[in-house]
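Note: the block below is structure04.tsv and it holds TSV, C-alpha atoms.
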chain	number	residue	atom	x	y	z
X	1	PRO	CA	23.78	-32.37	-10.06
X	2	MET	CA	24.22	-31.61	-6.39
X	3	ALA	CA	27.70	-30.11	-6.75
X	4	ALA	CA	26.59	-27.99	-9.66
X	5	SER	CA	23.73	-26.52	-7.63
X	6	ARG	CA	25.81	-25.49	-4.62
X	7	PRO	CA	27.54	-22.44	-6.16
X	8	GLY	CA	24.18	-21.06	-7.28
X	9	LEU	CA	22.67	-21.54	-3.84
X	10	ALA	CA	25.74	-20.06	-2.17
X	11	ALA	CA	25.47	-17.02	-4.42
X	12	LEU	CA	21.94	-16.50	-3.13
X	13	GLY	CA	23.23	-16.15	0.43
X	14	GLY	CA	24.17	-12.46	0.27
X	15	ALA	CA	21.00	-11.50	-1.55
X	16	GLY	CA	19.01	-13.76	0.75
X	17	ALA	CA	20.01	-11.91	3.92
X	18	ALA	CA	18.59	-8.72	2.38
X	19	ILE	CA	15.32	-10.53	1.62
X	20	TRP	CA	14.44	-10.43	5.31
X	21	GLN	CA	14.68	-6.62	5.24
X	22	ARG	CA	11.94	-6.36	2.58
X	23	HIS	CA	8.33	-5.93	3.50
X	24	GLY	CA	5.51	-7.29	1.35
X	25	ALA	CA	2.31	-5.39	0.71
X	26	GLY	CA	0.18	-8.39	1.62
X	27	SER	CA	-0.66	-9.92	4.91
X	28	PRO	CA	1.11	-11.33	6.80
X	29	ASP	CA	4.36	-9.39	6.59
X	30	LEU	CA	6.86	-12.14	7.36
X	31	ALA	CA	9.83	-9.77	7.58
X	32	ALA	CA	8.09	-7.66	10.24
X	33	ALA	CA	7.02	-10.77	12.16
X	34	ALA	CA	10.56	-12.19	12.04
X	35	ALA	CA	11.99	-8.87	13.25
X	36	SER	CA	9.54	-8.62	16.16
X	37	LEU	CA	10.45	-12.16	17.22
X	38	GLY	CA	14.21	-11.46	17.04
X	39	LEU	CA	14.74	-14.05	14.29
X	40	LEU	CA	16.64	-11.82	11.84
X	41	PRO	CA	20.19	-12.72	13.01
X	42	THR	CA	19.60	-16.42	12.28
X	43	LEU	CA	17.57	-15.82	9.12
X	44	GLY	CA	20.34	-13.52	7.89
X	45	THR	CA	22.83	-16.40	7.98
X	46	ARG	CA	20.46	-19.03	6.51
X	47	PRO	CA	17.92	-16.90	4.66
X	48	TRP	CA	16.45	-19.65	2.49
X	49	VAL	CA	15.69	-22.04	5.38
X	50	ILE	CA	13.27	-21.33	8.21
X	51	GLY	CA	14.21	-23.90	10.83
X	52	PRO	CA	11.50	-25.72	12.79
X	53	GLU	CA	11.97	-23.59	15.92
X	54	HIS	CA	11.57	-20.37	13.90
X	55	ARG	CA	8.68	-21.90	11.97
X	56	HIS	CA	6.86	-22.65	15.23
X	57	ALA	CA	7.58	-19.12	16.51
X	58	LEU	CA	6.18	-17.55	13.32
X	59	GLU	CA	3.12	-19.83	13.38
X	60	GLY	CA	2.37	-18.82	16.97
X	61	HIS	CA	3.03	-15.13	16.42
X	62	LEU	CA	0.93	-14.95	13.25
X	63	ARG	CA	-1.63	-17.52	14.47
X	64	LEU	CA	-1.24	-19.59	11.32
X	65	SER	CA	-1.23	-23.33	10.71
X	66	THR	CA	1.87	-24.83	9.12
X	67	ASP	CA	0.17	-25.01	5.71
X	68	ALA	CA	-1.05	-21.40	5.97
X	69	LEU	CA	2.47	-20.24	6.89
X	70	LEU	CA	3.90	-22.25	3.97
X	71	SER	CA	1.42	-20.59	1.61
X	72	SER	CA	2.24	-17.18	3.06
X	73	CYS	CA	5.98	-17.78	2.64
X	74	ALA	CA	5.60	-18.49	-1.08
X	75	GLY	CA	3.37	-15.44	-1.56
X	76	TRP	CA	5.60	-13.11	0.48
X	77	LEU	CA	8.77	-14.26	-1.31
X	78	SER	CA	7.11	-13.70	-4.68
X	79	GLN	CA	6.06	-10.19	-3.63
X	80	VAL	CA	9.43	-9.08	-2.34
X	81	THR	CA	11.39	-10.56	-5.27
X	82	GLY	CA	8.91	-9.63	-7.99
X	83	ALA	CA	9.14	-13.12	-9.47
X	84	PRO	CA	7.54	-16.54	-9.00
X	85	ALA	CA	8.55	-18.34	-5.82
X	86	ALA	CA	7.92	-21.58	-3.95
X	87	ALA	CA	8.18	-22.91	-0.42
X	88	ALA	CA	8.27	-26.48	0.84
X	89	LEU	CA	8.00	-28.17	4.19
X	90	GLY	CA	10.85	-30.60	4.79
X	91	ALA	CA	9.44	-34.02	5.68
X	92	GLY	CA	12.28	-34.91	8.02
X	93	SER	CA	13.39	-31.61	9.54
X	94	GLY	CA	10.14	-29.67	9.64
X	95	SER	CA	11.98	-26.69	8.14
X	96	ILE	CA	10.45	-24.45	5.51
X	97	LEU	CA	12.64	-24.21	2.42
X	98	LEU	CA	12.26	-20.98	0.43
X	99	ALA	CA	12.88	-21.07	-3.31
X	100	PRO	CA	13.01	-17.90	-5.38
X	101	THR	CA	13.38	-17.72	-9.14
X	102	LEU	CA	17.14	-17.69	-9.76
X	103	LYS	CA	18.17	-15.54	-12.69
X	104	LEU	CA	21.50	-16.54	-14.18
X	105	ALA	CA	23.40	-14.93	-17.07
X	106	SER	CA	22.18	-17.16	-19.88
X	107	LYS	CA	19.30	-19.00	-18.28
X	108	GLY	CA	17.53	-19.13	-14.98
X	109	LEU	CA	16.27	-21.73	-12.58
X	110	SER	CA	12.60	-21.96	-11.72
X	111	PRO	CA	11.55	-22.00	-8.06
X	112	THR	CA	10.89	-25.74	-8.41
X	113	GLN	CA	14.44	-26.35	-9.64
X	114	VAL	CA	15.85	-24.24	-6.79
X	115	LEU	CA	13.68	-26.20	-4.36
X	116	VAL	CA	14.98	-29.56	-5.61
X	117	ALA	CA	18.54	-28.20	-5.31
X	118	HIS	CA	17.74	-27.31	-1.68
X	119	LEU	CA	16.50	-30.84	-1.03
X	120	LEU	CA	19.68	-32.32	-2.49
X	121	ALA	CA	22.11	-29.88	-0.88
X	122	LEU	CA	20.82	-29.74	2.69
X	123	PRO	CA	20.13	-32.83	2.68
X	124	GLU	CA	16.50	-33.44	3.42
X	125	PRO	CA	16.56	-37.27	3.27
X	126	ARG	CA	12.80	-37.77	3.41
X	127	GLY	CA	12.08	-35.04	0.87
X	128	MET	CA	9.20	-32.67	1.31
X	129	ALA	CA	5.84	-33.08	2.95
X	130	ALA	CA	4.13	-30.08	1.35
X	131	LEU	CA	4.74	-27.63	-1.48
X	132	SER	CA	3.34	-24.19	-2.21
X	133	ALA	CA	4.18	-22.16	-5.31
X	134	THR	CA	2.90	-18.89	-6.69
X	135	GLN	CA	2.66	-20.44	-10.14
X	136	THR	CA	1.76	-24.00	-10.93
X	137	PRO	CA	4.95	-25.72	-12.09
X	138	GLY	CA	5.10	-26.39	-15.82
X	139	LYS	CA	5.63	-29.78	-17.40
X	140	VAL	CA	9.44	-29.81	-17.01
X	141	ASP	CA	9.20	-28.87	-13.33
X	142	ALA	CA	6.34	-31.32	-12.72
X	143	ASP	CA	8.43	-34.10	-14.29
X	144	LEU	CA	11.36	-33.13	-12.04
X	145	LEU	CA	9.15	-33.29	-8.94
X	146	ARG	CA	7.78	-36.68	-10.00
X	147	GLU	CA	11.34	-38.04	-9.83
X	148	LEU	CA	11.43	-37.42	-6.08
X	149	GLY	CA	10.61	-40.48	-4.00
X	150	CYS	CA	8.32	-38.40	-1.79
X	151	PHE	CA	6.18	-37.15	-4.70
X	152	PRO	CA	3.12	-39.39	-4.19
X	153	THR	CA	2.59	-38.04	-0.67
X	154	VAL	CA	3.42	-34.35	-1.18
X	155	ARG	CA	0.53	-32.00	-0.32
X	156	TRP	CA	-0.07	-29.07	-2.70
X	157	VAL	CA	-0.77	-25.91	-0.68
X	158	GLU	CA	-1.99	-23.17	-3.00
X	159	PRO	CA	-1.38	-19.56	-2.02
X	160	PRO	CA	-4.30	-17.19	-2.59
X	161	SER	CA	-3.85	-15.27	-5.85
X	162	VAL	CA	-4.72	-11.98	-4.21
X	163	LEU	CA	-1.62	-12.32	-1.98
X	164	VAL	CA	0.66	-13.12	-4.88
X	165	GLY	CA	-0.85	-10.54	-7.21
X	166	VAL	CA	-0.99	-12.87	-10.20
X	167	PRO	CA	-3.72	-15.24	-11.31
X	168	SER	CA	-2.88	-18.87	-10.79
X	169	SER	CA	-2.37	-21.13	-13.77
X	170	ARG	CA	-3.85	-24.54	-13.08
X	171	ALA	CA	-5.22	-25.86	-16.37
X	172	GLY	CA	-3.44	-27.96	-18.94
X	173	ASP	CA	-0.08	-28.26	-17.23
X	174	GLY	CA	-0.22	-31.94	-16.29
X	175	PHE	CA	0.52	-31.11	-12.66
X	176	GLY	CA	-2.79	-32.12	-11.15
X	177	ALA	CA	-1.37	-35.35	-9.69
X	178	LEU	CA	-0.22	-33.59	-6.52
X	179	ASN	CA	-2.15	-34.58	-3.43
X	180	THR	CA	-4.56	-31.79	-2.48
X	181	SER	CA	-6.26	-33.85	0.21
X	182	GLY	CA	-5.15	-35.23	3.53
X	183	GLY	CA	-4.56	-31.94	5.31
X	184	GLY	CA	-3.51	-29.80	2.38
X	185	VAL	CA	-5.00	-26.37	1.99
X	186	LYS	CA	-7.02	-25.52	-1.11
X	187	LEU	CA	-7.88	-21.85	-1.20
X	188	LEU	CA	-10.18	-20.29	-3.75
X	189	ASP	CA	-8.49	-17.87	-6.11
X	190	VAL	CA	-9.65	-14.31	-5.61
X	191	VAL	CA	-8.15	-12.96	-8.83
X	192	GLY	CA	-8.10	-16.14	-10.91
X	193	ASP	CA	-10.81	-18.63	-11.58
X	194	ALA	CA	-12.37	-20.39	-8.62
X	195	GLY	CA	-12.45	-23.72	-10.38
X	196	GLY	CA	-8.71	-24.52	-10.05
Please go through the file and, once you have read it, give me the structure as structure tokens.
Amino acid sequence: PMAASRPGLAALGGAGAAIWQRHGAGSPDLAAAAASLGLLPTLGTRPWVIGPEHRHALEGHLRLSTDALLSSCAGWLSQVTGAPAAAALGAGSGSILLAPTLKLASKGLSPTQVLVAHLLALPEPRGMAALSATQTPGKVDADLLRELGCFPTVRWVEPPSVLVGVPSSRAGDGFGALNTSGGGVKLLDVVGDAGG
């Protein structure tokens, strides 16, 4: 599975560099923050990974916690791509891994599938510490995440629906087993229902 995912991720490289030139309508504007910090040259070469040093710089510049930045990354990526997106915090490296929806000729990969490919390709031996996605992963994606050894300790960090521009889908997907306690952020939906 790892070898099969590499060409798809490599193909994202060219499009990924352009991602950091796009500005989202929401706040914070990660592309503008990255530009003001001088991070674009590095992010242009590894657009789908925000290394720990850049993560710390963005957190300080935007005055956000790690979980709030993770949530903002998923929301911003969804805005600038016009499709669902996800972001994860690497448990070993402290990097933020960005995962867009990957549209292929016959079928696409969900952000969760792209994220797992990241974890296998980089490698991120300890998996992820936290996950934020603009849409709650469906059953197939939830089952895929459950196969990861780190799953029982992963924090779910939900982006606010107003940032993403779509209501969240939380009910009936069988994904509620993610850990939303122990430091994870649980924001009330502004557009969706507040019960999620």
8 Å contact set for Leu102 in chain X, all atoms listed in the file, chain neighbours under 5 positions out, as a PyMOL selection string:
chain X and resi 108-111+114
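Nearest-residue note for Gln113 in chain X: choosing from X:Arg63, X:Leu37, X:Arg155, X:Ala99, the minimum distance belongs to X:Ala99, counting all atoms listed in the file.
Minimum atom-to-atom distances from X:Leu115, X:Leu104, X:Leu89, X:Trp156 to Met128 in chain X were compared using only C-alpha atoms, and the lowest value belongs to X:Leu89.
Across X:Gly127, X:Gly38, X:Gly94, X:Gly24, the tightest approach to Glu53 in chain X is made by X:Gly94 when counting all atoms listed in the file.
Interatomic distance, CA of Ala129 in chain X against CA of Leu97 in chain X: 11.2 Å.
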Problem set entry | Spatial neighbours of range 46-51 of chain X, 12 Å, only C-alpha atoms, chain gap at least 4 places, as an MDAnalysis selection string | chainID X and resid 9:21 30:31 34 39:42 55:59 66 69:70 73:74 77 85:90 92:100 111 114:115 117:119 121:124
One decimal place gives the CA of Ser78 in chain X-CA of Lys103 in chain X separation as 13.8 Å
Handout entry: Å distance separating CA of Thr153 in chain X from CA of Val116 in chain X, one decimal place
Key =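 Answer for the CA of Thr153 in chain X to CA of Val116 in chain X separation: 15.8 Å.
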Regenerate range 109-120 of chain X at the level of N, CA, C and O atoms and dump it as a PDB file, in the frame of the given file.
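Now in rebuild-v1.pdb:
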ATOM      1  N   LEU X 109      16.848 -20.554 -13.195  1.00  0.00           N
ATOM      2  CA  LEU X 109      16.270 -21.730 -12.580  1.00  0.00           C
ATOM      3  C   LEU X 109      14.902 -21.343 -12.029  1.00  0.00           C
ATOM      4  O   LEU X 109      14.740 -20.297 -11.406  1.00  0.00           O
ATOM      5  N   SER X 110      13.941 -22.196 -12.256  1.00  0.00           N
ATOM      6  CA  SER X 110      12.600 -21.960 -11.720  1.00  0.00           C
ATOM      7  C   SER X 110      12.627 -22.206 -10.211  1.00  0.00           C
ATOM      8  O   SER X 110      13.535 -22.854  -9.685  1.00  0.00           O
ATOM      9  N   PRO X 111      11.615 -21.706  -9.499  1.00  0.00           N
ATOM     10  CA  PRO X 111      11.550 -22.000  -8.060  1.00  0.00           C
ATOM     11  C   PRO X 111      11.545 -23.502  -7.773  1.00  0.00           C
ATOM     12  O   PRO X 111      12.145 -23.939  -6.793  1.00  0.00           O
ATOM     13  N   THR X 112      10.902 -24.287  -8.620  1.00  0.00           N
ATOM     14  CA  THR X 112      10.890 -25.740  -8.410  1.00  0.00           C
ATOM     15  C   THR X 112      12.296 -26.312  -8.522  1.00  0.00           C
ATOM     16  O   THR X 112      12.690 -27.159  -7.717  1.00  0.00           O
ATOM     17  N   GLN X 113      13.063 -25.867  -9.487  1.00  0.00           N
ATOM     18  CA  GLN X 113      14.440 -26.350  -9.640  1.00  0.00           C
ATOM     19  C   GLN X 113      15.300 -25.930  -8.467  1.00  0.00           C
ATOM     20  O   GLN X 113      16.122 -26.712  -7.970  1.00  0.00           O
ATOM     21  N   VAL X 114      15.119 -24.705  -7.980  1.00  0.00           N
ATOM     22  CA  VAL X 114      15.850 -24.240  -6.790  1.00  0.00           C
ATOM     23  C   VAL X 114      15.451 -25.078  -5.585  1.00  0.00           C
ATOM     24  O   VAL X 114      16.295 -25.466  -4.771  1.00  0.00           O
ATOM     25  N   LEU X 115      14.177 -25.391  -5.468  1.00  0.00           N
ATOM     26  CA  LEU X 115      13.680 -26.200  -4.360  1.00  0.00           C
ATOM     27  C   LEU X 115      14.306 -27.597  -4.364  1.00  0.00           C
ATOM     28  O   LEU X 115      14.752 -28.100  -3.321  1.00  0.00           O
ATOM     29  N   VAL X 116      14.359 -28.234  -5.516  1.00  0.00           N
ATOM     30  CA  VAL X 116      14.980 -29.560  -5.610  1.00  0.00           C
ATOM     31  C   VAL X 116      16.464 -29.463  -5.259  1.00  0.00           C
ATOM     32  O   VAL X 116      17.005 -30.333  -4.571  1.00  0.00           O
ATOM     33  N   ALA X 117      17.129 -28.398  -5.690  1.00  0.00           N
ATOM     34  CA  ALA X 117      18.540 -28.200  -5.310  1.00  0.00           C
ATOM     35  C   ALA X 117      18.676 -28.098  -3.794  1.00  0.00           C
ATOM     36  O   ALA X 117      19.610 -28.656  -3.206  1.00  0.00           O
ATOM     37  N   HIS X 118      17.753 -27.383  -3.148  1.00  0.00           N
ATOM     38  CA  HIS X 118      17.740 -27.310  -1.680  1.00  0.00           C
ATOM     39  C   HIS X 118      17.655 -28.714  -1.082  1.00  0.00           C
ATOM     40  O   HIS X 118      18.409 -29.057  -0.164  1.00  0.00           O
ATOM     41  N   LEU X 119      16.708 -29.501  -1.568  1.00  0.00           N
ATOM     42  CA  LEU X 119      16.500 -30.840  -1.030  1.00  0.00           C
ATOM     43  C   LEU X 119      17.752 -31.696  -1.161  1.00  0.00           C
ATOM     44  O   LEU X 119      18.068 -32.497  -0.283  1.00  0.00           O
ATOM     45  N   LEU X 120      18.470 -31.536  -2.264  1.00  0.00           N
ATOM     46  CA  LEU X 120      19.680 -32.320  -2.490  1.00  0.00           C
ATOM     47  C   LEU X 120      20.877 -31.787  -1.703  1.00  0.00           C
ATOM     48  O   LEU X 120      21.738 -32.542  -1.282  1.00  0.00           O
TER      49      LEU X 120
END
